[in-house]
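A.B. asks: Sharing my_file.pdb below, PDB, C-alpha atoms:
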```
ATOM      1  CA  MET A1013       7.887  -0.836  11.243  1.00  0.00           C
ATOM      2  CA  THR A1014       4.429   0.559  10.533  1.00  0.00           C
ATOM      3  CA  HIS A1015       4.774  -0.276   6.846  1.00  0.00           C
ATOM      4  CA  GLU A1016       5.605  -3.917   7.562  1.00  0.00           C
ATOM      5  CA  TYR A1017       2.836  -4.343  10.127  1.00  0.00           C
ATOM      6  CA  VAL A1018       0.094  -2.780   7.992  1.00  0.00           C
ATOM      7  CA  GLU A1019       1.320  -4.687   4.938  1.00  0.00           C
ATOM      8  CA  SER A1020       1.243  -8.015   6.822  1.00  0.00           C
ATOM      9  CA  GLN A1021      -2.249  -7.361   8.190  1.00  0.00           C
ATOM     10  CA  LEU A1022      -3.574  -6.554   4.717  1.00  0.00           C
ATOM     11  CA  MET A1023      -2.021  -9.787   3.456  1.00  0.00           C
ATOM     12  CA  LYS A1024      -3.628 -11.724   6.329  1.00  0.00           C
ATOM     13  CA  ALA A1025      -6.950 -10.285   5.175  1.00  0.00           C
ATOM     14  CA  GLY A1026      -6.376 -11.720   1.696  1.00  0.00           C
ATOM     15  CA  LEU A1027      -4.654  -9.002  -0.319  1.00  0.00           C
ATOM     16  CA  PRO A1028      -1.518 -10.231  -2.139  1.00  0.00           C
ATOM     17  CA  TYR A1029       1.829  -8.551  -1.461  1.00  0.00           C
ATOM     18  CA  LEU A1030       1.914  -7.256  -5.058  1.00  0.00           C
ATOM     19  CA  LYS A1031      -0.428  -7.844  -7.938  1.00  0.00           C
ATOM     20  CA  ASP A1032       1.185  -9.164 -11.084  1.00  0.00           C
ATOM     21  CA  GLN A1033       0.187  -6.594 -13.656  1.00  0.00           C
ATOM     22  CA  ALA A1034       2.358  -6.682 -16.775  1.00  0.00           C
ATOM     23  CA  GLY A1035       2.337  -2.902 -17.328  1.00  0.00           C
ATOM     24  CA  LEU A1036       3.771  -2.211 -13.880  1.00  0.00           C
ATOM     25  CA  TRP A1037       7.144  -3.863 -14.431  1.00  0.00           C
ATOM     26  CA  ARG A1038      10.149  -1.902 -15.757  1.00  0.00           C
ATOM     27  CA  ARG A1039      11.876  -4.533 -17.824  1.00  0.00           C
ATOM     28  CA  GLU A1040      14.936  -3.795 -19.899  1.00  0.00           C
ATOM     29  CA  ALA A1041      15.644  -5.319 -23.330  1.00  0.00           C
ATOM     30  CA  ASP A1042      18.165  -7.696 -21.717  1.00  0.00           C
ATOM     31  CA  GLY A1043      15.482  -9.069 -19.354  1.00  0.00           C
ATOM     32  CA  THR A1044      16.659  -7.280 -16.219  1.00  0.00           C
ATOM     33  CA  TYR A1045      14.455  -4.965 -14.190  1.00  0.00           C
ATOM     34  CA  ALA A1046      15.341  -1.269 -14.027  1.00  0.00           C
ATOM     35  CA  ASP A1047      14.943   1.334 -11.261  1.00  0.00           C
ATOM     36  CA  GLY A1048      13.487  -0.905  -8.582  1.00  0.00           C
ATOM     37  CA  GLY A1049      11.632  -2.928 -11.152  1.00  0.00           C
ATOM     38  CA  ARG A1050       8.124  -1.630 -10.672  1.00  0.00           C
ATOM     39  CA  TYR A1051       5.969   1.423 -11.315  1.00  0.00           C
ATOM     40  CA  SER A1052       3.310   2.544  -8.851  1.00  0.00           C
ATOM     41  CA  PRO A1053      -0.124   1.135  -9.676  1.00  0.00           C
ATOM     42  CA  LYS A1054      -2.519   3.488 -11.444  1.00  0.00           C
ATOM     43  CA  SER A1055      -5.689   1.889 -10.063  1.00  0.00           C
ATOM     44  CA  LEU A1056      -6.846   0.288  -6.841  1.00  0.00           C
ATOM     45  CA  SER A1057      -7.434  -2.990  -8.666  1.00  0.00           C
ATOM     46  CA  ALA A1058      -3.686  -3.111  -9.493  1.00  0.00           C
ATOM     47  CA  ALA A1059      -2.542  -2.312  -5.922  1.00  0.00           C
ATOM     48  CA  GLY A1060      -1.226  -4.893  -3.477  1.00  0.00           C
ATOM     49  CA  ALA A1061      -0.593  -4.761   0.274  1.00  0.00           C
ATOM     50  CA  HIS A1062       2.865  -3.281  -0.318  1.00  0.00           C
ATOM     51  CA  ASP A1063       1.356  -0.411  -2.309  1.00  0.00           C
ATOM     52  CA  LEU A1064      -1.319   0.354   0.300  1.00  0.00           C
ATOM     53  CA  ALA A1065       0.872   0.279   3.424  1.00  0.00           C
ATOM     54  CA  PRO A1066       2.317   3.581   4.713  1.00  0.00           C
ATOM     55  CA  HIS A1067       5.604   4.732   3.215  1.00  0.00           C
ATOM     56  CA  PRO A1068       8.429   2.796   4.941  1.00  0.00           C
ATOM     57  CA  VAL A1069      10.586   5.888   5.511  1.00  0.00           C
ATOM     58  CA  HIS A1070       8.118   8.752   5.942  1.00  0.00           C
ATOM     59  CA  GLY A1071       5.353   6.726   7.620  1.00  0.00           C
ATOM     60  CA  GLU A1072       2.636   8.442   5.631  1.00  0.00           C
ATOM     61  CA  PHE A1073       0.455   7.566   2.671  1.00  0.00           C
ATOM     62  CA  GLY A1074       1.371  10.452   0.410  1.00  0.00           C
ATOM     63  CA  ARG A1075       0.475  10.824  -3.244  1.00  0.00           C
ATOM     64  CA  ALA A1076       0.239   7.089  -3.936  1.00  0.00           C
ATOM     65  CA  TRP A1077      -3.100   6.871  -2.151  1.00  0.00           C
ATOM     66  CA  GLN A1078      -4.408  10.021  -3.811  1.00  0.00           C
ATOM     67  CA  LYS A1079      -3.540   8.602  -7.240  1.00  0.00           C
ATOM     68  CA  LEU A1080      -5.601   5.512  -6.386  1.00  0.00           C
ATOM     69  CA  GLY A1081      -8.614   7.654  -5.469  1.00  0.00           C
ATOM     70  CA  LEU A1082      -8.293   6.960  -1.739  1.00  0.00           C
ATOM     71  CA  LYS A1083      -8.468   9.426   1.121  1.00  0.00           C
ATOM     72  CA  HIS A1084      -5.986   9.304   3.963  1.00  0.00           C
ATOM     73  CA  PRO A1085      -7.118   7.293   6.985  1.00  0.00           C
ATOM     74  CA  LYS A1086      -8.956   9.356   9.596  1.00  0.00           C
ATOM     75  CA  SER A1087      -7.032   7.848  12.472  1.00  0.00           C
ATOM     76  CA  LYS A1088      -3.594   9.187  13.213  1.00  0.00           C
ATOM     77  CA  LEU A1089      -1.023   6.687  14.331  1.00  0.00           C
ATOM     78  CA  ALA A1090      -0.032   7.264  17.972  1.00  0.00           C
ATOM     79  CA  PRO A1091       3.700   7.944  18.469  1.00  0.00           C
ATOM     80  CA  GLU A1092       4.012   4.878  20.704  1.00  0.00           C
ATOM     81  CA  PHE A1093       1.898   2.739  18.281  1.00  0.00           C
ATOM     82  CA  SER A1094      -0.741   2.028  20.944  1.00  0.00           C
ATOM     83  CA  ASN A1095      -3.546   2.282  18.347  1.00  0.00           C
ATOM     84  CA  LEU A1096      -1.845   0.292  15.585  1.00  0.00           C
ATOM     85  CA  ASP A1097      -4.633  -2.278  15.217  1.00  0.00           C
ATOM     86  CA  ASP A1098      -7.301   0.444  14.978  1.00  0.00           C
ATOM     87  CA  PHE A1099      -5.114   2.199  12.420  1.00  0.00           C
ATOM     88  CA  VAL A1100      -4.885  -1.003  10.345  1.00  0.00           C
ATOM     89  CA  LYS A1101      -8.688  -1.381  10.445  1.00  0.00           C
ATOM     90  CA  ASP A1102      -9.025   2.173   9.144  1.00  0.00           C
ATOM     91  CA  VAL A1103      -6.495   1.491   6.376  1.00  0.00           C
ATOM     92  CA  SER A1104      -8.290  -1.746   5.465  1.00  0.00           C
ATOM     93  CA  SER A1105     -11.656  -0.040   5.242  1.00  0.00           C
ATOM     94  CA  LYS A1106     -10.195   2.737   3.085  1.00  0.00           C
ATOM     95  CA  SER A1107      -8.433   0.320   0.768  1.00  0.00           C
ATOM     96  CA  CYS A1108     -11.717  -1.508   0.226  1.00  0.00           C
ATOM     97  CA  GLU A1109     -13.252   1.622  -1.264  1.00  0.00           C
ATOM     98  CA  PRO A1110     -14.532   2.178  -3.874  1.00  0.00           C
ATOM     99  CA  ARG A1111     -13.926  -1.301  -5.338  1.00  0.00           C
ATOM    100  CA  GLY A1112     -13.181  -3.847  -2.643  1.00  0.00           C
ATOM    101  CA  TRP A1113     -10.333  -6.298  -2.953  1.00  0.00           C
ATOM    102  CA  ILE A1114     -11.552  -8.971  -0.544  1.00  0.00           C
TER     103      ILE A1114
END
```
Kindly return the structure encoded in the file as structure tokens.

C.D. replies:
Amino acid sequence: MTHEYVESQLMKAGLPYLKDQAGLWRREADGTYADGGRYSPKSLSAAGAHDLAPHPVHGEFGRAWQKLGLKHPKSKLAPEFSNLDDFVKDVSSKSCEPRGWI
């Protein structure tokens, strides 16, 4: 739930769901896409809202953010989600560093 909410708020702010970067797609010789179809972006400029939202299962940001040169948000998500909008603002400000996307 957190993943979808953060992802949708980032998209509302102007970030596309995914960025279409040719090197990120795992395409087979027959034209199909292998293993989920997409590699993780290697730079912030290649990341979309889906890449920057918390992990859908674990609810954390993990190594993907570290690989993009981002630090984890300072705010911790409350168990009952009462601070979800503040959390999204923190995520948005972090994902704008060091090279903004909006």

A.B. asks: Quick one: everything within 9 Å of Asp1063 of chain A, counting all atoms listed in the file, minus sequence neighbours fewer than 3 positions away in the same chain. Send it as an mmCIF file with C-alpha atoms, in the frame of the given file.

C.D. replies:
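Writing the result to selection10.cif gives the following:
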```
data_model
loop_
_atom_site.group_PDB
_atom_site.id
_atom_site.type_symbol
_atom_site.label_atom_id
_atom_site.label_comp_id
_atom_site.auth_asym_id
_atom_site.auth_seq_id
_atom_site.Cartn_x
_atom_site.Cartn_y
_atom_site.Cartn_z
ATOM 1 C CA GLU A 1019 1.320 -4.687 4.938
ATOM 2 C CA TYR A 1029 1.829 -8.551 -1.461
ATOM 3 C CA LEU A 1030 1.914 -7.256 -5.058
ATOM 4 C CA SER A 1052 3.310 2.544 -8.851
ATOM 5 C CA PRO A 1053 -0.124 1.135 -9.676
ATOM 6 C CA ALA A 1059 -2.542 -2.312 -5.922
ATOM 7 C CA GLY A 1060 -1.226 -4.893 -3.477
ATOM 8 C CA PRO A 1066 2.317 3.581 4.713
ATOM 9 C CA HIS A 1067 5.604 4.732 3.215
ATOM 10 C CA ALA A 1076 0.239 7.089 -3.936
ATOM 11 C CA TRP A 1077 -3.100 6.871 -2.151
#
```

A.B. asks: Please provide the set of residues having any atom within 9 Å of Leu1036 of chain A, restricted to all atoms listed in the file, with same-chain residues fewer than 5 positions apart removed, written as a PyMOL selection string.

C.D. replies: chain A and resi 1049-1054+1058

A.B. asks: For Gln1021 of chain A, find every residue with an atom within 12 Å (counting all atoms listed in the file), except residues of its own chain fewer than 4 positions away, and show them as a list in words.

C.D. replies: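 The filter keeps Thr1014, His1015, Glu1016, Tyr1017, Ala1025, Gly1026, Leu1027, Pro1028, Tyr1029, Gly1060, Ala1061, His1062, Leu1064, Ala1065, Leu1096, Asp1097, Asp1098, Phe1099, Val1100, Lys1101, Asp1102, Val1103 and Ser1104 of chain A.
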
A.B. asks: Build an axis-aligned box that encloses every atom of segment 1087-1105 of chain A listed in the file, pad it by 8 Å on each side, and report its centre and edge lengths in Å to one decimal, as AutoDock Vina command-line options.

C.D. replies:
```
--center_x -3.8 --center_y 3.5 --center_z 13.1 --size_x 31.7 --size_y 27.5 --size_z 31.7
```

A.B. asks: Go ahead and compute the interatomic distance for atom CA of Leu1080 of chain A and atom CA of Ser1055 of chain A, in Å to one decimal.

C.D. replies: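 Atom CA of Ser1055 of chain A lies at a distance of 5.2 Å from atom CA of Leu1080 of chain A.
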
A.B. asks: Just so the selection is clear, what residues does the PyMOL selection byres ((chain A and resi 1086) around 10) cover here, as a tab-separated table (two decimals) with C-alpha atoms, in the coordinates of the input?

C.D. replies:
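Result went into part_34.tsv, see below:
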```
chain	number	residue	atom	x	y	z
A	1083	LYS	CA	-8.47	9.43	1.12
A	1084	HIS	CA	-5.99	9.30	3.96
A	1085	PRO	CA	-7.12	7.29	6.98
A	1087	SER	CA	-7.03	7.85	12.47
A	1088	LYS	CA	-3.59	9.19	13.21
A	1089	LEU	CA	-1.02	6.69	14.33
A	1099	PHE	CA	-5.11	2.20	12.42
A	1102	ASP	CA	-9.02	2.17	9.14
A	1103	VAL	CA	-6.50	1.49	6.38
A	1106	LYS	CA	-10.20	2.74	3.08
```

A.B. asks: Between atom CA of Glu1072 of chain A and atom CA of Met1013 of chain A, what is the distance in Å, rounded to a tenth?

C.D. replies: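 Those two atoms sit 12.0 Å apart.
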
A.B. asks: Of the candidates A:Ala1041, A:Val1069, A:Leu1056, A:Met1023, which one gets nearest to Gly1081 of chain A if we count all atoms listed in the file?

C.D. replies: A:Leu1056

A.B. asks: Interatomic distance between atom CA of Leu1082 of chain A and atom CA of Arg1039 of chain A?

C.D. replies: 28.2 Å

A.B. asks: What would segment 1046-1071 of chain A look like with N, CA, C and O atoms restored, written as a compact mmCIF listing (two decimals), in the frame of the given file?

C.D. replies:
```txt
# COMPACT_ATOMS: atom_id res chain seq x y z
N ALA A 1046 14.68 -2.55 -14.26
CA ALA A 1046 15.34 -1.27 -14.03
C ALA A 1046 14.68 -0.49 -12.90
O ALA A 1046 13.48 -0.63 -12.64
N ASP A 1047 15.44 0.36 -12.24
CA ASP A 1047 14.94 1.33 -11.26
C ASP A 1047 13.97 0.75 -10.25
O ASP A 1047 12.85 1.23 -10.07
N GLY A 1048 14.36 -0.30 -9.57
CA GLY A 1048 13.49 -0.90 -8.58
C GLY A 1048 12.51 -1.89 -9.17
O GLY A 1048 11.85 -2.62 -8.46
N GLY A 1049 12.42 -1.91 -10.48
CA GLY A 1049 11.63 -2.93 -11.15
C GLY A 1049 10.16 -2.70 -11.31
O GLY A 1049 9.50 -3.40 -12.06
N ARG A 1050 9.58 -1.71 -10.64
CA ARG A 1050 8.12 -1.63 -10.67
C ARG A 1050 7.64 -0.19 -10.57
O ARG A 1050 8.13 0.59 -9.79
N TYR A 1051 6.63 0.13 -11.39
CA TYR A 1051 5.97 1.42 -11.32
C TYR A 1051 4.88 1.36 -10.25
O TYR A 1051 4.39 0.29 -9.90
N SER A 1052 4.44 2.50 -9.78
CA SER A 1052 3.31 2.54 -8.85
C SER A 1052 2.05 2.20 -9.62
O SER A 1052 1.89 2.60 -10.77
N PRO A 1053 1.12 1.48 -8.98
CA PRO A 1053 -0.12 1.14 -9.68
C PRO A 1053 -0.95 2.38 -9.95
O PRO A 1053 -0.91 3.35 -9.20
N LYS A 1054 -1.69 2.34 -11.05
CA LYS A 1054 -2.52 3.49 -11.44
C LYS A 1054 -3.98 3.32 -11.01
O LYS A 1054 -4.77 4.21 -11.17
N SER A 1055 -4.32 2.13 -10.50
CA SER A 1055 -5.69 1.89 -10.06
C SER A 1055 -5.67 1.01 -8.82
O SER A 1055 -4.71 0.29 -8.57
N LEU A 1056 -6.74 1.09 -8.05
CA LEU A 1056 -6.85 0.29 -6.84
C LEU A 1056 -6.82 -1.20 -7.17
O LEU A 1056 -6.25 -2.00 -6.44
N SER A 1057 -7.40 -1.57 -8.30
CA SER A 1057 -7.43 -2.99 -8.67
C SER A 1057 -6.04 -3.55 -8.96
O SER A 1057 -5.82 -4.75 -8.93
N ALA A 1058 -5.06 -2.68 -9.23
CA ALA A 1058 -3.69 -3.11 -9.49
C ALA A 1058 -2.79 -3.03 -8.25
O ALA A 1058 -1.63 -3.40 -8.30
N ALA A 1059 -3.33 -2.54 -7.13
CA ALA A 1059 -2.54 -2.31 -5.92
C ALA A 1059 -2.53 -3.55 -5.03
O ALA A 1059 -3.53 -4.24 -4.88
N GLY A 1060 -1.37 -3.82 -4.45
CA GLY A 1060 -1.23 -4.89 -3.48
C GLY A 1060 -0.99 -4.32 -2.09
O GLY A 1060 -0.95 -3.09 -1.90
N ALA A 1061 -0.80 -5.19 -1.12
CA ALA A 1061 -0.59 -4.76 0.27
C ALA A 1061 0.62 -3.84 0.39
O ALA A 1061 0.60 -2.86 1.13
N HIS A 1062 1.67 -4.12 -0.36
CA HIS A 1062 2.86 -3.28 -0.32
C HIS A 1062 2.55 -1.86 -0.77
O HIS A 1062 3.05 -0.89 -0.20
N ASP A 1063 1.71 -1.73 -1.77
CA ASP A 1063 1.36 -0.41 -2.31
C ASP A 1063 0.47 0.38 -1.36
O ASP A 1063 0.49 1.60 -1.36
N LEU A 1064 -0.34 -0.31 -0.55
CA LEU A 1064 -1.32 0.35 0.30
C LEU A 1064 -0.82 0.63 1.71
O LEU A 1064 -1.43 1.39 2.45
N ALA A 1065 0.31 0.04 2.09
CA ALA A 1065 0.87 0.28 3.42
C ALA A 1065 1.54 1.66 3.44
O ALA A 1065 1.96 2.17 2.40
N PRO A 1066 1.65 2.27 4.63
CA PRO A 1066 2.32 3.58 4.71
C PRO A 1066 3.75 3.52 4.19
O PRO A 1066 4.38 2.46 4.23
N HIS A 1067 4.24 4.65 3.73
CA HIS A 1067 5.60 4.73 3.22
C HIS A 1067 6.59 4.25 4.28
O HIS A 1067 6.50 4.67 5.44
N PRO A 1068 7.53 3.36 3.94
CA PRO A 1068 8.43 2.80 4.94
C PRO A 1068 9.37 3.80 5.59
O PRO A 1068 9.81 3.59 6.70
N VAL A 1069 9.67 4.90 4.94
CA VAL A 1069 10.59 5.89 5.51
C VAL A 1069 9.81 7.03 6.17
O VAL A 1069 10.06 7.40 7.31
N HIS A 1070 8.84 7.58 5.45
CA HIS A 1070 8.12 8.75 5.94
C HIS A 1070 6.95 8.39 6.86
O HIS A 1070 6.48 9.23 7.60
N GLY A 1071 6.45 7.16 6.77
CA GLY A 1071 5.35 6.73 7.62
C GLY A 1071 4.01 7.33 7.26
O GLY A 1071 3.08 7.33 8.04
```
